[in-house]
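Contents: one structure, followed by commentary.
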Amino acid sequence: PILVIGSLNMDLVMRTPRVPQGGETLFGHDFATLPGGKGANQALACARLGGHVAMVGRIGDDNFGQVLKSGLARDGVHVSQITVTGGVTSGVAMILVEDIGQNRILISAGANGQVTAGDIDGVAAQIEQAAMLVVQLEVPLPAVLAAIKHAHAAGVPVLLNPAPAAALPDTLWPMVDLLVPNESEATLLSGVDVKDTASAAEAAAVLRARGVRTVLITLGAQGVLICDAQGVRRLPAQKVKAVDTTAAGDTFVGGLAVGLTEGMSLDDAAALGQAASAICVTRIGAQPSIPWRSELTPTERA
Ligand code: ADP
């Protein structure tokens, strides 16, 4: 299976005409508690898009944790390595969505912050047998690094979604087969201000020069910039009416991982990811917005 190691968060989402300033109180609307967390979103995207997927992570000893875990299990994610940690809350993200569509997100790591390199030793056998390792940066870096090292040593392809953006050690890059940042993450990692196709290509070249095999920079409505040994190209996104881009990147990662582990070419797998994320952005929330493979058109599915 695809093995996702990462975070589970309950998203507390409220929409608002505009975000409040310091000292100001406003009425928002459409409050909802929606399961999220980049790790859980990506695992769920893999499952809904037809992948065989297991997740490793931690939840708190609380109701949010149970809801998060059972939601993943219901859609077919193997959850036996999602463990309950006493004395902490489950991860929570407070998300303000402006009606024009921009998100502001504040995260409490909670149990996600307790994932250790020791946890990774405990799932060494699962990593070795994985079709692909998928990781993000919402759990502590030592755990992410341990997982990447282990997968790389076992010849398991490593997909790193470097989100939220953080400085990373130089030794990491040669162990990353697929790096999937968005524009702001690519900017922080490469030092190149990514704002269009040309600057994205420049950033991707910087990252490949460090030893990353393949770089895919997601460019929102502009699609995705792919840079690998074959060269550089941009695949355009579908034209849709976006209402909430939460989990767009996670859905893309899921589709990409599923496509590649099914044996698709890189570009076809990226197209699968983009077809799925185009649907995701037309719906509200993280996990509720992630589509099933059957929702794609027959050409997109194949
Ligand atoms: P993130 O959510 O991580 O910031 P992006 O915003 O770059 O990631 O979106 C990831 C992918 O989702 C894009 O590459 C694209 O395929 C799709 N996507 C995002 N926004 C839109 C949009 N407005 N219209 C169509 N597709 C979109």
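Chains: A, B, ... in order of the structure tokens. Residues: from 1 per chain. Ligands: from 1, in order shown.
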
Give me, as JSON lines, each residue of chain A that comes within 6 Å of ligand 1, together with its shortest interatomic pair and the distance in Å at one decimal, counting only C-alpha atoms and all ligand atoms, with rows ordered by chain and rising residue number.
```
{"residue": "A:Asn182", "atom": "CA", "partner": "ligand 1", "partner_atom_place_in_ligand_line": "7 (O)", "distance": 4.8}
{"residue": "A:Thr218", "atom": "CA", "partner": "ligand 1", "partner_atom_place_in_ligand_line": "7 (O)", "distance": 3.9}
{"residue": "A:Leu219", "atom": "CA", "partner": "ligand 1", "partner_atom_place_in_ligand_line": "7 (O)", "distance": 4.1}
{"residue": "A:Gly220", "atom": "CA", "partner": "ligand 1", "partner_atom_place_in_ligand_line": "7 (O)", "distance": 3.5}
{"residue": "A:Ala221", "atom": "CA", "partner": "ligand 1", "partner_atom_place_in_ligand_line": "22 (C)", "distance": 3.7}
{"residue": "A:Gly223", "atom": "CA", "partner": "ligand 1", "partner_atom_place_in_ligand_line": "14 (O)", "distance": 4.2}
{"residue": "A:Val224", "atom": "CA", "partner": "ligand 1", "partner_atom_place_in_ligand_line": "14 (O)", "distance": 4.6}
{"residue": "A:Ala237", "atom": "CA", "partner": "ligand 1", "partner_atom_place_in_ligand_line": "16 (O)", "distance": 4.7}
{"residue": "A:Gln238", "atom": "CA", "partner": "ligand 1", "partner_atom_place_in_ligand_line": "25 (C)", "distance": 5.0}
{"residue": "A:Lys239", "atom": "CA", "partner": "ligand 1", "partner_atom_place_in_ligand_line": "25 (C)", "distance": 5.4}
{"residue": "A:Val240", "atom": "CA", "partner": "ligand 1", "partner_atom_place_in_ligand_line": "24 (N)", "distance": 5.2}
{"residue": "A:Ala242", "atom": "CA", "partner": "ligand 1", "partner_atom_place_in_ligand_line": "23 (N)", "distance": 4.8}
{"residue": "A:Thr245", "atom": "CA", "partner": "ligand 1", "partner_atom_place_in_ligand_line": "2 (O)", "distance": 5.7}
{"residue": "A:Thr246", "atom": "CA", "partner": "ligand 1", "partner_atom_place_in_ligand_line": "2 (O)", "distance": 5.8}
{"residue": "A:Ala247", "atom": "CA", "partner": "ligand 1", "partner_atom_place_in_ligand_line": "2 (O)", "distance": 5.5}
{"residue": "A:Ala248", "atom": "CA", "partner": "ligand 1", "partner_atom_place_in_ligand_line": "2 (O)", "distance": 4.2}
{"residue": "A:Gly249", "atom": "CA", "partner": "ligand 1", "partner_atom_place_in_ligand_line": "3 (O)", "distance": 3.5}
{"residue": "A:Phe252", "atom": "CA", "partner": "ligand 1", "partner_atom_place_in_ligand_line": "11 (C)", "distance": 5.6}
{"residue": "A:Gln274", "atom": "CA", "partner": "ligand 1", "partner_atom_place_in_ligand_line": "16 (O)", "distance": 3.9}
{"residue": "A:Ser277", "atom": "CA", "partner": "ligand 1", "partner_atom_place_in_ligand_line": "12 (O)", "distance": 4.6}
{"residue": "A:Ala278", "atom": "CA", "partner": "ligand 1", "partner_atom_place_in_ligand_line": "26 (N)", "distance": 4.3}
```

For those residues, write C-alpha atoms to a file as a short mmCIF file (atom, residue, chain, number, x, y, z; two decimals), in the first residue's frame.
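After the write, part.cif holds the following:
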```cif
data_model
loop_
_atom_site.label_atom_id
_atom_site.label_comp_id
_atom_site.auth_asym_id
_atom_site.auth_seq_id
_atom_site.Cartn_x
_atom_site.Cartn_y
_atom_site.Cartn_z
CA ASN A 182 2.86 25.02 -3.68
CA THR A 218 1.33 23.44 -7.76
CA LEU A 219 0.28 26.85 -9.05
CA GLY A 220 -3.36 27.01 -7.97
CA ALA A 221 -5.60 27.93 -10.91
CA GLY A 223 -2.04 24.23 -12.77
CA VAL A 224 1.23 22.48 -12.03
CA ALA A 237 -5.57 23.36 -14.34
CA GLN A 238 -9.20 22.85 -15.27
CA LYS A 239 -11.35 25.97 -15.39
CA VAL A 240 -13.80 25.74 -12.48
CA ALA A 242 -13.44 27.80 -6.85
CA THR A 245 -9.28 25.73 -1.97
CA THR A 246 -8.75 23.88 1.34
CA ALA A 247 -7.23 20.45 0.61
CA ALA A 248 -6.64 21.22 -3.08
CA GLY A 249 -2.95 20.45 -2.69
CA PHE A 252 -3.49 16.63 -5.90
CA GLN A 274 -5.45 17.90 -11.08
CA SER A 277 -8.33 18.82 -7.12
CA ALA A 278 -10.46 20.75 -9.65
#
```

Proximity of region 182-301 of chain A to region 8-13 of chain A: per-residue shortest pair, 10 Å limit, only C-alpha atoms, as a tab-separated table:
```
residue	atom	partner	partner_atom	distance
A:Ile284	CA	A:Val13	CA	9.6
A:Gly285	CA	A:Val13	CA	7.7
A:Ala286	CA	A:Asp11	CA	7.9
A:Gln287	CA	A:Asp11	CA	9.7
```

Quiz prompt | Spatial neighbours of Lys149 (chain A), 9 Å, only C-alpha atoms, chain gap at least 5 places, as an MDAnalysis selection string | solution = chainID A and resid 144 154 172 175

Which neighbours of Gly254 (chain A) fall inside 7 Å, counting only C-alpha atoms, when residues of the same chain fewer than 3 positions from it are skipped, and could you give them as a short mmCIF file (atom, residue, chain, number, x, y, z; two decimals) with C-alpha atoms, in the first residue's frame?
```cif
data_model
loop_
_atom_site.label_atom_id
_atom_site.label_comp_id
_atom_site.auth_asym_id
_atom_site.auth_seq_id
_atom_site.Cartn_x
_atom_site.Cartn_y
_atom_site.Cartn_z
CA GLN A 42 -3.79 12.91 1.67
CA ALA A 43 -4.53 9.41 2.99
CA ALA A 45 -7.57 11.32 -1.12
CA CYS A 46 -5.55 8.19 -1.93
CA ASP A 250 -3.70 17.36 -0.58
CA THR A 251 -6.10 16.04 -3.21
CA ALA A 257 0.46 9.02 -5.55
CA VAL A 258 -2.38 6.76 -6.68
CA GLY A 273 -4.35 14.70 -9.34
#
```

Exercise. Tell me, as an NGL selection string, which residues lie within 12 Å of Met94 (chain A), counting only C-alpha atoms; anything in the same chain fewer than 5 positions away does not count.
Key: :A and (9-15 or 31-37 or 103-109 or 285)

Exercise. Please provide as a list in words all residues within 9 Å of region 292-294 of chain A, with the sequence filter that same-chain residues fewer than 4 positions apart are discarded (counting only C-alpha atoms).
Key: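 What passes the distance filter is Ala45, Ala47, Arg48, Leu49, Gly50, Ala276, Pro298, Glu300 and Arg301 of chain A.
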
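Using only C-alpha atoms for every distance, the candidate list A:Ala40, A:Val134, A:Ala201, A:Val206 yields A:Val206 as the residue closest to Leu189 (chain A).
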
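Interatomic distance, CA of Leu145 (chain A) to CA of Val180 (chain A): 16.2 Å.
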
Quiz item: If you count only C-alpha atoms, which residues fall within 7 Å of Thr83 (chain A), apart from same-chain ones fewer than 3 positions away, as a VMD selection string?
Solution: chain A and resid 57 to 59

Quiz item: Using only C-alpha atoms, which of the listed residues (A:Leu188, A:Ala143, A:Glu183, A:Gly71) sits closest to Ala165 (chain A)?
Solution: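 Once distances to Ala165 (chain A) are computed over only C-alpha atoms, the minimum belongs to A:Leu188.
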
Self-check item: Minimum-distance residue to Ala204 (chain A), chosen among A:Val77, A:Cys227, A:Leu260, A:Ala269 (using only C-alpha atoms)
Solution: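 Answer, going by the shortest atom-to-atom distance: A:Cys227.
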
Quiz item: So, counting only C-alpha atoms, which residue among A:Asp193, A:Asp62, A:Glu185, A:Asp244 is closest to Ala163 (chain A)?
Solution: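 Closest candidate: A:Glu185.
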
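Minimum atom-to-atom distances from A:Ala146, A:Leu72, A:Ile5, A:Ala111 to Gly86 (chain A) were compared using only C-alpha atoms, and the lowest value belongs to A:Ala111.
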
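Among the candidate residues A:Gly6, A:Pro142, A:Gly211, A:Gly231, the one lying nearest to Thr171 (chain A) is A:Gly211, with distances computed using only C-alpha atoms.
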
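CA of Val97 (chain A) to CA of Asn63 (chain A) spans 24.4 Å [interatomic distance, one decimal].
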
Exercise. Among the residues of region 21-89 of chain A, find those DSSP assigns to strand (DSSP E) from the backbone and print them as a ChimeraX atom specification.
Key: /A:29-36,53-60,78-85

Restrict the selected residues to N, CA and C atoms and save them as a compact mmCIF listing (two decimals), in the first residue's frame.
```txt
# COMPACT_ATOMS: atom_id res chain seq x y z
N HIS A 29 -20.14 33.30 9.51
CA HIS A 29 -21.31 32.47 9.19
C HIS A 29 -20.87 31.08 8.74
N ASP A 30 -21.82 30.16 8.74
CA ASP A 30 -21.57 28.80 8.28
C ASP A 30 -20.43 28.11 9.02
N PHE A 31 -20.47 28.15 10.37
CA PHE A 31 -19.45 27.43 11.15
C PHE A 31 -19.62 25.92 10.96
N ALA A 32 -18.49 25.22 10.88
CA ALA A 32 -18.55 23.76 10.78
C ALA A 32 -17.30 23.14 11.37
N THR A 33 -17.43 21.93 11.92
CA THR A 33 -16.26 21.14 12.31
C THR A 33 -16.07 20.08 11.24
N LEU A 34 -14.94 20.14 10.57
CA LEU A 34 -14.71 19.27 9.42
C LEU A 34 -13.37 18.56 9.59
N PRO A 35 -13.33 17.23 9.41
CA PRO A 35 -12.07 16.51 9.53
C PRO A 35 -11.05 16.99 8.51
N GLY A 36 -9.80 17.17 8.96
CA GLY A 36 -8.74 17.61 8.07
C GLY A 36 -7.38 17.19 8.60
N VAL A 53 -4.24 2.21 0.87
CA VAL A 53 -3.46 3.17 1.67
C VAL A 53 -3.58 2.90 3.17
N ALA A 54 -2.47 3.08 3.86
CA ALA A 54 -2.44 3.00 5.33
C ALA A 54 -1.89 4.30 5.87
N MET A 55 -2.36 4.68 7.07
CA MET A 55 -1.87 5.92 7.68
C MET A 55 -1.25 5.65 9.04
N VAL A 56 -0.15 6.37 9.31
CA VAL A 56 0.51 6.35 10.62
C VAL A 56 0.40 7.74 11.22
N GLY A 57 -0.09 7.83 12.46
CA GLY A 57 -0.19 9.14 13.10
C GLY A 57 -0.71 9.00 14.51
N ARG A 58 -0.94 10.14 15.17
CA ARG A 58 -1.42 10.14 16.55
C ARG A 58 -2.63 11.07 16.70
N ILE A 59 -3.59 10.61 17.51
CA ILE A 59 -4.73 11.43 17.89
C ILE A 59 -4.75 11.56 19.41
N GLY A 60 -5.44 12.57 19.92
CA GLY A 60 -5.59 12.73 21.36
C GLY A 60 -6.67 11.80 21.88
N HIS A 78 -6.44 2.17 6.01
CA HIS A 78 -6.04 1.29 7.11
C HIS A 78 -5.55 2.16 8.26
N VAL A 79 -6.21 2.05 9.42
CA VAL A 79 -5.97 3.01 10.51
C VAL A 79 -5.36 2.38 11.76
N SER A 80 -4.93 1.12 11.68
CA SER A 80 -4.46 0.46 12.91
C SER A 80 -3.20 1.11 13.48
N GLN A 81 -2.47 1.88 12.68
CA GLN A 81 -1.27 2.56 13.20
C GLN A 81 -1.54 4.02 13.56
N ILE A 82 -2.82 4.38 13.67
CA ILE A 82 -3.17 5.70 14.21
C ILE A 82 -3.47 5.48 15.69
N THR A 83 -2.56 5.98 16.56
CA THR A 83 -2.65 5.62 17.97
C THR A 83 -3.12 6.80 18.82
N VAL A 84 -3.76 6.45 19.94
CA VAL A 84 -4.27 7.45 20.88
C VAL A 84 -3.15 7.82 21.85
N THR A 85 -2.93 9.13 22.03
CA THR A 85 -1.92 9.63 22.96
C THR A 85 -2.64 10.27 24.14
```

Quiz item: Expressed in Å to a single decimal, how great is the separation between CA of Ile95 (chain A) and CA of Glu295 (chain A)?
Solution: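 Distance reported for this atom pair: 26.7 Å.
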